[in-house]
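A short write-up of the structure that comes next.
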Amino acid sequence: MKLPLDLVSTLLAVIDEGSFEGAARRLHVTPSAVSQRVRTLEDQLGGVLVVRSRPVRPTAAGGVVLRLARQMALLEHDALAELGRDDAATARISLAVNADSLATWLLEPLARLSRQHPVVFDLHRDDQDFTAALLADGTALAGVTSQADPIAGCVATALGTMVYEAVATPSFVARWLGRGATADELEAAPLVDFDRRDDLQTRWLVAVGADPGAPPRHFVPASHDFAAAVRAGLGWGMLPLLQSADALAGGELVHIGGPGIPVALYWQQWNLHSPLLGAVAAEVIAAAGTALSRR
């Protein structure tokens, strides 16, 4: 059998827009027409392709079709651009990105790319330990991840290392860690976690011999806000040097000791011959080479 391209493109629009109504606006058809197209594709393939939630999510089978749809859309754009067609649509590149890269070094190369190419970026933010799953399920064409081994169908390139150090405000240290950040002090002092999957603070506590289950924890799930919470004295936290250097130099923050934690980052993208995706990779890899540690 062959997959009808109009139905595949409709599924892509539903997932990208997050709803049948959003896809209808994008495709200039009615929501019932979008629903009928998706049901027709599901009938032809013999399985459910989307979870009809808010937002709509692809099933495992839907992810397979979604990967195909993104590849087709990108290759179509490349072909029209190579033919010199002025009516080639602006390409949409979906990227999986970790929050700290997004907050520090990644936006500049993406801005340069947007000035050089007819492209818009759809960024999906997650922890670097989990962004690889967004490539595997078809959500993203490429991304920044801590996974070194290539995902099936992808190629991986080392970007460099983001180094995190434990920091706090001088007043926080005076109040909670005045005896030199001893284990018993650290077990009582509040800390800041990004979310409940963030293990950087836990790893650091284990490294310095403190019980990671003891401290009270704040949860602040946004990179800029996480750093702002530490600077406000809400708790101590692990910040990347790219984000804390100015505050450390100005005395707004101080190190509280212990080892730095290096997190190696990799660029993974689908193994697809696309001049545009290649340009994105080249720009991101070059920017990472300047911003990240090579250790």
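Please note that chains go A, B, ... in the order of the structure tokens, that every chain numbers its residues from 1, and that ligands are numbered from 1 in the order shown.
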Secondary structure check, strand (DSSP E) residues of segment 38-208 of chain A, as an MDAnalysis selection string: chainID A and resid 50:51 57:58 91:98 119:126 142:145 154:168 191:193
Give me, as a Markdown table, each residue of segment 35-138 of chain A that comes within 12 Å of segment 226-233 of chain A, together with its shortest interatomic pair and the distance in Å at one decimal, counting only C-alpha atoms, with rows ordered by chain and rising residue number.
```
| residue | atom | partner | partner_atom | distance |
| --- | --- | --- | --- | --- |
| A:Ala99 | CA | A:Phe226 | CA | 10.3 |
| A:Asp100 | CA | A:Phe226 | CA | 9.9 |
| A:Ala103 | CA | A:Ala227 | CA | 10.1 |
| A:Thr104 | CA | A:Ala227 | CA | 11.5 |
```
Closest pair table for segment 56-139 of chain A residues within 12 Å of segment 195-218 of chain A, only C-alpha atoms, as JSON lines:
```
{"residue": "A:Asn98", "atom": "CA", "partner": "A:Asp198", "partner_atom": "CA", "distance": 11.9}
{"residue": "A:Ala99", "atom": "CA", "partner": "A:Asp198", "partner_atom": "CA", "distance": 11.6}
{"residue": "A:Asp126", "atom": "CA", "partner": "A:Arg197", "partner_atom": "CA", "distance": 10.3}
{"residue": "A:Asp127", "atom": "CA", "partner": "A:Asp198", "partner_atom": "CA", "distance": 7.7}
{"residue": "A:Gln128", "atom": "CA", "partner": "A:Asp198", "partner_atom": "CA", "distance": 9.9}
{"residue": "A:Asp129", "atom": "CA", "partner": "A:Arg197", "partner_atom": "CA", "distance": 9.2}
{"residue": "A:Phe130", "atom": "CA", "partner": "A:Arg197", "partner_atom": "CA", "distance": 9.5}
```
For those residues, write N, CA and C atoms to a file as a CSV table (one decimal), in the first residue's frame.
```csv
chain,number,residue,atom,x,y,z
A,98,ASN,N,17.3,21.2,25.4
A,98,ASN,CA,17.4,21.3,26.9
A,98,ASN,C,17.3,22.7,27.4
A,99,ALA,N,16.6,22.9,28.5
A,99,ALA,CA,16.3,24.2,29.0
A,99,ALA,C,17.5,25.1,29.2
A,126,ASP,N,12.9,20.2,27.1
A,126,ASP,CA,12.9,19.2,28.1
A,126,ASP,C,14.3,19.1,28.7
A,127,ASP,N,14.4,18.3,29.7
A,127,ASP,CA,15.7,18.0,30.3
A,127,ASP,C,16.6,17.3,29.3
A,128,GLN,N,17.9,17.6,29.3
A,128,GLN,CA,18.8,16.9,28.3
A,128,GLN,C,18.8,15.4,28.3
A,129,ASP,N,18.4,14.8,29.5
A,129,ASP,CA,18.3,13.4,29.6
A,129,ASP,C,17.1,12.8,28.9
A,130,PHE,N,16.1,13.7,28.5
A,130,PHE,CA,14.9,13.2,28.0
A,130,PHE,C,14.6,13.7,26.6
```
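Checking A:Ala91, A:Leu241, A:Leu159, A:Ala96 one by one against Thr131 of chain A, counting only C-alpha atoms, you find the shortest gap at A:Ala96.
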Write out as a ChimeraX atom specification each polymer residue whose atoms come within 10 Å of segment 161-175 of chain A, counting only C-alpha atoms; drop sequence neighbours fewer than 3 positions from it. /A:100-101,146,158,178-181,189-191,200-201,204-205,227,229-244,247-248,251-266,288-289,291-295
Excluding Asn271 of chain A and residues on its chain fewer than 2 positions from it, collect all residues at most 6 Å away from it, counting only C-alpha atoms, and give them as an NGL selection string. :A and (153-155)
Mind writing the picked residues with C-alpha atoms as a compact mmCIF listing (two decimals), in the first residue's frame?
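What landed in result_39.txt:
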```txt
# COMPACT_ATOMS: atom_id res chain seq x y z
CA GLY A 153 17.76 6.46 12.26
CA CYS A 154 19.81 9.36 13.64
CA VAL A 155 23.41 10.52 13.67
```
Between A:Ile93, A:Leu106, A:Val48, A:Val65, single out the one closest to Ala286 of chain A, counting only C-alpha atoms.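 For Ala286 of chain A, the nearest of the given residues is A:Leu106.
Reported to one decimal place, the separation of atom CA of Leu66 of chain A from atom CA of Gly46 of chain A is 15.9 Å.
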Counting only C-alpha atoms, the residue of A:Ala152, A:Ala140, A:Leu135, A:Val8 that sits nearest Leu68 of chain A: A:Val8
Within 12 Å of Ser53 of chain A using only C-alpha atoms, minus same-chain residues under 3 positions, as a ChimeraX atom specification: /A:14-15,18-20,50,56-59
Only N, CA and C atoms, please: the residues just picked out, written as an mmCIF file, in the first residue's frame.
```cif
data_model
loop_
_atom_site.group_PDB
_atom_site.id
_atom_site.type_symbol
_atom_site.label_atom_id
_atom_site.label_comp_id
_atom_site.auth_asym_id
_atom_site.auth_seq_id
_atom_site.Cartn_x
_atom_site.Cartn_y
_atom_site.Cartn_z
ATOM 1 N N VAL A 14 -2.104 18.271 12.617
ATOM 2 C CA VAL A 14 -2.824 18.027 13.866
ATOM 3 C C VAL A 14 -1.852 17.987 15.045
ATOM 4 N N ILE A 15 -0.740 17.264 14.866
ATOM 5 C CA ILE A 15 0.236 17.142 15.956
ATOM 6 C C ILE A 15 0.920 18.479 16.205
ATOM 7 N N GLY A 18 -1.602 20.842 17.770
ATOM 8 C CA GLY A 18 -2.086 20.365 19.052
ATOM 9 C C GLY A 18 -3.570 20.083 19.127
ATOM 10 N N SER A 19 -4.288 20.317 18.011
ATOM 11 C CA SER A 19 -5.735 20.077 18.018
ATOM 12 C C SER A 19 -6.226 19.974 16.583
ATOM 13 N N PHE A 20 -7.424 19.387 16.426
ATOM 14 C CA PHE A 20 -8.032 19.298 15.104
ATOM 15 C C PHE A 20 -8.469 20.681 14.624
ATOM 16 N N VAL A 50 -3.437 8.918 16.829
ATOM 17 C CA VAL A 50 -3.346 10.051 17.740
ATOM 18 C C VAL A 50 -4.188 9.776 18.980
ATOM 19 N N VAL A 56 -3.322 17.173 21.396
ATOM 20 C CA VAL A 56 -3.300 15.863 20.742
ATOM 21 C C VAL A 56 -1.878 15.312 20.778
ATOM 22 N N ARG A 57 -1.753 14.001 21.023
ATOM 23 C CA ARG A 57 -0.438 13.350 21.070
ATOM 24 C C ARG A 57 -0.408 12.175 20.105
ATOM 25 N N PRO A 58 0.746 11.900 19.490
ATOM 26 C CA PRO A 58 0.821 10.726 18.614
ATOM 27 C C PRO A 58 0.949 9.447 19.429
ATOM 28 N N THR A 59 0.349 8.380 18.952
ATOM 29 C CA THR A 59 0.614 7.060 19.502
ATOM 30 C C THR A 59 1.952 6.577 18.954
#
```
Find the spatial neighbours of Gln71 of chain A, counting only C-alpha atoms, within a cut-off of 10 Å - ignore same-chain residues fewer than 4 positions away - and output them as a list of chain:residue names.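 Counting only C-alpha atoms, the residues come to A:Val65, A:Leu66, A:Arg67, A:Leu75, A:Glu76, A:His77, A:Gly138, A:Leu141, A:Trp270, A:Leu272, A:His273, A:Ser274.
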Which residues come within 9 Å of segment 280-282 of chain A, counting only C-alpha atoms, excluding same-chain residues fewer than 6 positions away, as a PyMOL selection string? chain A and resi 109-110+113+142+267-269
Next, write the just-selected residues to a file, as a PDB file, in the first residue's frame, keeping C-alpha atoms as the atom set.
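Below you can see again.pdb, which holds the result:
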```pdb
ATOM      1  CA  PRO A 109      22.676  30.452  16.165  1.00  0.00           C
ATOM      2  CA  LEU A 110      18.963  29.875  15.557  1.00  0.00           C
ATOM      3  CA  LEU A 113      19.748  30.811  10.673  1.00  0.00           C
ATOM      4  CA  ALA A 142      16.976  17.128  15.633  1.00  0.00           C
ATOM      5  CA  TRP A 267      23.544  17.021  18.614  1.00  0.00           C
ATOM      6  CA  GLN A 268      21.357  14.261  17.219  1.00  0.00           C
ATOM      7  CA  GLN A 269      19.422  14.535  13.974  1.00  0.00           C
TER       8      GLN A 269
END
```
